[in-house]
Amino acid sequence: MKSIKKILRWWLRTAAILLLLRLSEAKVPAIIVFGDSSVDAGNNNFIPTIARSNFMPYGRDFFGGKATGRFCNGRIATDFISEAFGLPPYVPAYLDPAFNISNFALGVTFASAGTGYDNATSSVLGVIPLWKEMELYKEYITRLRAHLGDWNTMLTITKALYIVSIGTNDFLENYYAFPMRRLQYTVEVYQDFLIKIARNFIIDLHALGARKISLGGIPPMGCMPLERAQNVATHECVESYNMVAMTFNSKLSDLVTQLNDQIPGLKLVFSNPYNKFLDMIRNPSIYGFVVADRACCATGMFEMGYACNVQSPLTCSNASQYVFWDAFHPTEHTYKIVADGVVGTTLTKFM
């Protein structure tokens with residue numbers, strides 16, 4: 001009996017040492033994600049909201065053909081980024097009971113489809129506001145400490161790559177969809193309002209131990225099929241929305257510069273998908289796409305969420321030929337190109 005206990009103690013010590021070595025040697029031991037549907041891997045499945053995609057044909061090209069709650073036919077950008085850093089090929093949702101703290105120690109997303117910087121945005125569909133994502137992250141740290149111990153948790157938290165992808169819904173699902181914020185702010189002042197929230201979020205994240213952070217820009221949102229449908233005659237992009245996206249991205253870029261100057265030890269980068277995304281839309285054949293002005297699912301003009309379902313006979317058979325999966329979200333092929341782009345540029349300093 002004593003020999004068995006001795007062997008067990010030796011095994012536990014050895015396992016702890018190996019884990020410590022892995023954490024100390026890994027440049028990025030985990031991917032930790034905050035944001036909206038662009039990076040939600042299924043958290044909305046477990047809250048009372050209609051903003052869900054845990055049903056077919058969503059996920060039909062994911063591992064095992066499973067609809068996980070990602071608003072995509074397969075994997076999303078953060079999944080590919082995780083894989084590029086030598087971590088698991090997908091980042092699990094924190095609220096998904098199919099995963100545990102052992103999985104989350106290598107990667108986790110707190111993102112919620114439909115949310116934004118603005119609390120009013122998350123209220124539209126009753127999803128998780130950004131401040132609540134931060135509270136879930138604090139809970140995660142406590143769980144991680146119980147799992148790894150104080151030292152290994154500190155290593156994970158300080159060396160992890162944090163990805164923040166949010167902002168599009170603040171404009172399309174809030175500011176331009178309802179009058180409240182438009183009565184309060186011009187779009188330029190509303191952008192500044194969101195930038196202040198982004199600033200405070202990054203500062204709070206840094207205070208909790210984050211050092212390597214990628215702050216994402218927003219895409220050319222006027223070219224999403226749902227927005228193009230407003231131009232009934234031409235079906236062209238809504239250029240005024242694209243201008244708002246470019247201006248907001250410029251302000252985010254300035255914020256990154258300011259915070260890097262002001263906060264010692266912070267390594268904040270701006271990952272801007274706008275130009276790559278716009279080039280895919282304007283020159284689809286270069287990237288292997290056939291269709292860029294409408295989505296794969298259903299008519300490709302209006303449907304997303306529950307409107308994108310298996311009952312539609314019009315859904316395409318090969319999503320990789322399309323830039324967009326539903327009227328609001330990209331295909332797996334698009335996400336892979338975007339992920340490769342940021343891994344090969346802004347994120348290289350962390351590899």
# chains A, B, ... in the order shown; residues from 1 in each chain; ligands from 1
call {"tool": "closest_atom_pairs", "arguments": {"of": "range 180-268 of chain A", "to": "range 294-300 of chain A", "cutoff": "12 Å", "atoms": "only C-alpha atoms", "output": "tab-separated table"}}
result
residue	atom	partner	partner_atom	distance
A:Cys223	CA	A:Arg294	CA	9.4
A:Met224	CA	A:Arg294	CA	8.0
A:Pro225	CA	A:Arg294	CA	5.2
A:Leu226	CA	A:Gly300	CA	8.3
A:Glu227	CA	A:Arg294	CA	10.4
A:Arg228	CA	A:Arg294	CA	8.6
A:Ala229	CA	A:Arg294	CA	9.1
A:His235	CA	A:Arg294	CA	9.3
A:Glu236	CA	A:Arg294	CA	10.7
A:Cys237	CA	A:Arg294	CA	11.1
call {"tool": "write_last_selection", "arguments": {"atoms": "N, CA and C atoms", "output": "mmCIF file, in the first residue's frame"}}
result
data_model
loop_
_atom_site.group_PDB
_atom_site.id
_atom_site.type_symbol
_atom_site.label_atom_id
_atom_site.label_comp_id
_atom_site.auth_asym_id
_atom_site.auth_seq_id
_atom_site.Cartn_x
_atom_site.Cartn_y
_atom_site.Cartn_z
ATOM 1 N N CYS A 223 -21.408 45.605 -46.902
ATOM 2 C CA CYS A 223 -21.391 44.590 -47.959
ATOM 3 C C CYS A 223 -21.960 43.249 -47.513
ATOM 4 N N MET A 224 -22.451 43.189 -46.295
ATOM 5 C CA MET A 224 -23.132 41.966 -45.874
ATOM 6 C C MET A 224 -24.412 41.827 -46.696
ATOM 7 N N PRO A 225 -24.762 40.618 -47.108
ATOM 8 C CA PRO A 225 -25.953 40.434 -47.945
ATOM 9 C C PRO A 225 -27.217 41.077 -47.376
ATOM 10 N N LEU A 226 -27.390 41.024 -46.057
ATOM 11 C CA LEU A 226 -28.573 41.595 -45.434
ATOM 12 C C LEU A 226 -28.635 43.107 -45.649
ATOM 13 N N GLU A 227 -27.481 43.748 -45.637
ATOM 14 C CA GLU A 227 -27.447 45.201 -45.846
ATOM 15 C C GLU A 227 -27.554 45.548 -47.324
ATOM 16 N N ARG A 228 -26.935 44.738 -48.182
ATOM 17 C CA ARG A 228 -27.028 44.978 -49.627
ATOM 18 C C ARG A 228 -28.471 44.878 -50.109
ATOM 19 N N ALA A 229 -29.278 44.080 -49.402
ATOM 20 C CA ALA A 229 -30.676 43.898 -49.800
ATOM 21 C C ALA A 229 -31.456 45.208 -49.721
ATOM 22 N N HIS A 235 -28.413 46.175 -55.661
ATOM 23 C CA HIS A 235 -27.845 45.164 -54.761
ATOM 24 C C HIS A 235 -26.368 45.453 -54.441
ATOM 25 N N GLU A 236 -26.007 46.725 -54.501
ATOM 26 C CA GLU A 236 -24.631 47.121 -54.187
ATOM 27 C C GLU A 236 -24.452 47.278 -52.683
ATOM 28 N N CYS A 237 -23.205 47.371 -52.258
ATOM 29 C CA CYS A 237 -22.896 47.593 -50.847
ATOM 30 C C CYS A 237 -23.449 48.944 -50.391
#
call {"tool": "select_by_dssp", "arguments": {"residues": "range 134-279 of chain A", "states": "helix (DSSP H, G or I)", "output": "VMD selection string"}}
result
chain A and resid 134 to 148 150 to 159 168 to 175 179 to 184 187 to 207 221 to 223 225 to 228 239 to 262 274 to 279
call {"tool": "closest_residue", "arguments": {"among": "A:Gly64, A:Gly209, A:Gly149, A:Pro220", "to": "Lys267 in chain A", "atoms": "only C-alpha atoms"}}
result
A:Gly209
call {"tool": "atom_distance", "arguments": {"atom1": "CA of Asn43 in chain A", "atom2": "CA of Pro92 in chain A"}}
result
9.0 Å
call {"tool": "residues_around", "arguments": {"residues": "Arg52 in chain A", "least_positions_apart": "5", "cutoff": "12 Å", "atoms": "only C-alpha atoms", "output": "PyMOL selection string"}}
result
chain A and resi 36-37+40-47+58+67-72+112-114+125-127+304-309
call {"tool": "closest_residue", "arguments": {"among": "A:Arg282, A:Gln262, A:Pro97, A:Ala51", "to": "Glu173 in chain A", "atoms": "only C-alpha atoms"}}
result
A:Ala51
call {"tool": "select_by_dssp", "arguments": {"residues": "range 116-202 of chain A", "states": "strand (DSSP E or B)", "output": "list in words"}}
result
Leu161, Tyr162, Ile163, Val164 and Ser165 of chain A
call {"tool": "residues_around", "arguments": {"residues": "Leu205 in chain A", "least_positions_apart": "4", "cutoff": "10 Å", "atoms": "only C-alpha atoms", "output": "list of chain:residue names"}}
result
A:Met134, A:Tyr137, A:Lys138, A:Tyr162, A:Arg199, A:Asn200, A:Phe201, A:Gly209, A:Ala210, A:Arg211, A:Ile213
call {"tool": "residues_around", "arguments": {"residues": "Leu194 in chain A", "least_positions_apart": "2", "cutoff": "10 Å", "atoms": "only C-alpha atoms", "output": "JSON, numbers by chain"}}
result
{"A": [116, 117, 118, 167, 170, 189, 190, 191, 192, 196, 197, 198, 199, 248, 251, 252]}
call {"tool": "closest_residue", "arguments": {"among": "A:Phe350, A:Tyr140, A:Tyr335, A:Tyr274", "to": "Asn103 in chain A", "atoms": "only C-alpha atoms"}}
result
A:Tyr140
call {"tool": "residues_around", "arguments": {"residues": "Arg60 in chain A", "least_positions_apart": "6", "cutoff": "7 Å", "atoms": "only C-alpha atoms", "output": "PyMOL selection string"}}
result
chain A and resi 66-67+73-74
call {"tool": "write_last_selection", "arguments": {"atoms": "N, CA, C and O atoms", "output": "PDB file, in the first residue's frame"}}
result
ATOM      1  N   LYS A  66     -21.464  18.722 -36.903  1.00  0.00           N
ATOM      2  CA  LYS A  66     -22.233  19.108 -35.725  1.00  0.00           C
ATOM      3  C   LYS A  66     -22.506  20.611 -35.699  1.00  0.00           C
ATOM      4  O   LYS A  66     -21.600  21.417 -35.866  1.00  0.00           O
ATOM      5  N   ALA A  67     -23.764  20.956 -35.448  1.00  0.00           N
ATOM      6  CA  ALA A  67     -24.144  22.358 -35.266  1.00  0.00           C
ATOM      7  C   ALA A  67     -23.838  22.740 -33.822  1.00  0.00           C
ATOM      8  O   ALA A  67     -24.570  22.392 -32.902  1.00  0.00           O
ATOM      9  N   ASN A  73     -20.916  27.527 -41.380  1.00  0.00           N
ATOM     10  CA  ASN A  73     -21.048  26.146 -41.819  1.00  0.00           C
ATOM     11  C   ASN A  73     -19.987  25.243 -41.209  1.00  0.00           C
ATOM     12  O   ASN A  73     -20.115  24.016 -41.213  1.00  0.00           O
ATOM     13  N   GLY A  74     -18.923  25.854 -40.655  1.00  0.00           N
ATOM     14  CA  GLY A  74     -17.845  25.062 -40.061  1.00  0.00           C
ATOM     15  C   GLY A  74     -17.150  25.827 -38.960  1.00  0.00           C
ATOM     16  O   GLY A  74     -17.792  26.391 -38.070  1.00  0.00           O
TER      17      GLY A  74
END
call {"tool": "closest_residue", "arguments": {"among": "A:Ser253, A:Asn174, A:Thr121, A:Ser271", "to": "Thr348 in chain A", "atoms": "only C-alpha atoms"}}
result
A:Ser271
call {"tool": "closest_residue", "arguments": {"among": "A:Tyr185, A:Phe104, A:Phe99, A:Tyr94", "to": "Ile31 in chain A", "atoms": "only C-alpha atoms"}}
result
A:Phe104
call {"tool": "closest_residue", "arguments": {"among": "A:Asn100, A:Ala105, A:Lys212, A:Thr115", "to": "Asn152 in chain A", "atoms": "only C-alpha atoms"}}
result
A:Ala105
call {"tool": "atom_distance", "arguments": {"atom1": "CA of Ala146 in chain A", "atom2": "CA of Ser102 in chain A"}}
result
11.1 Å
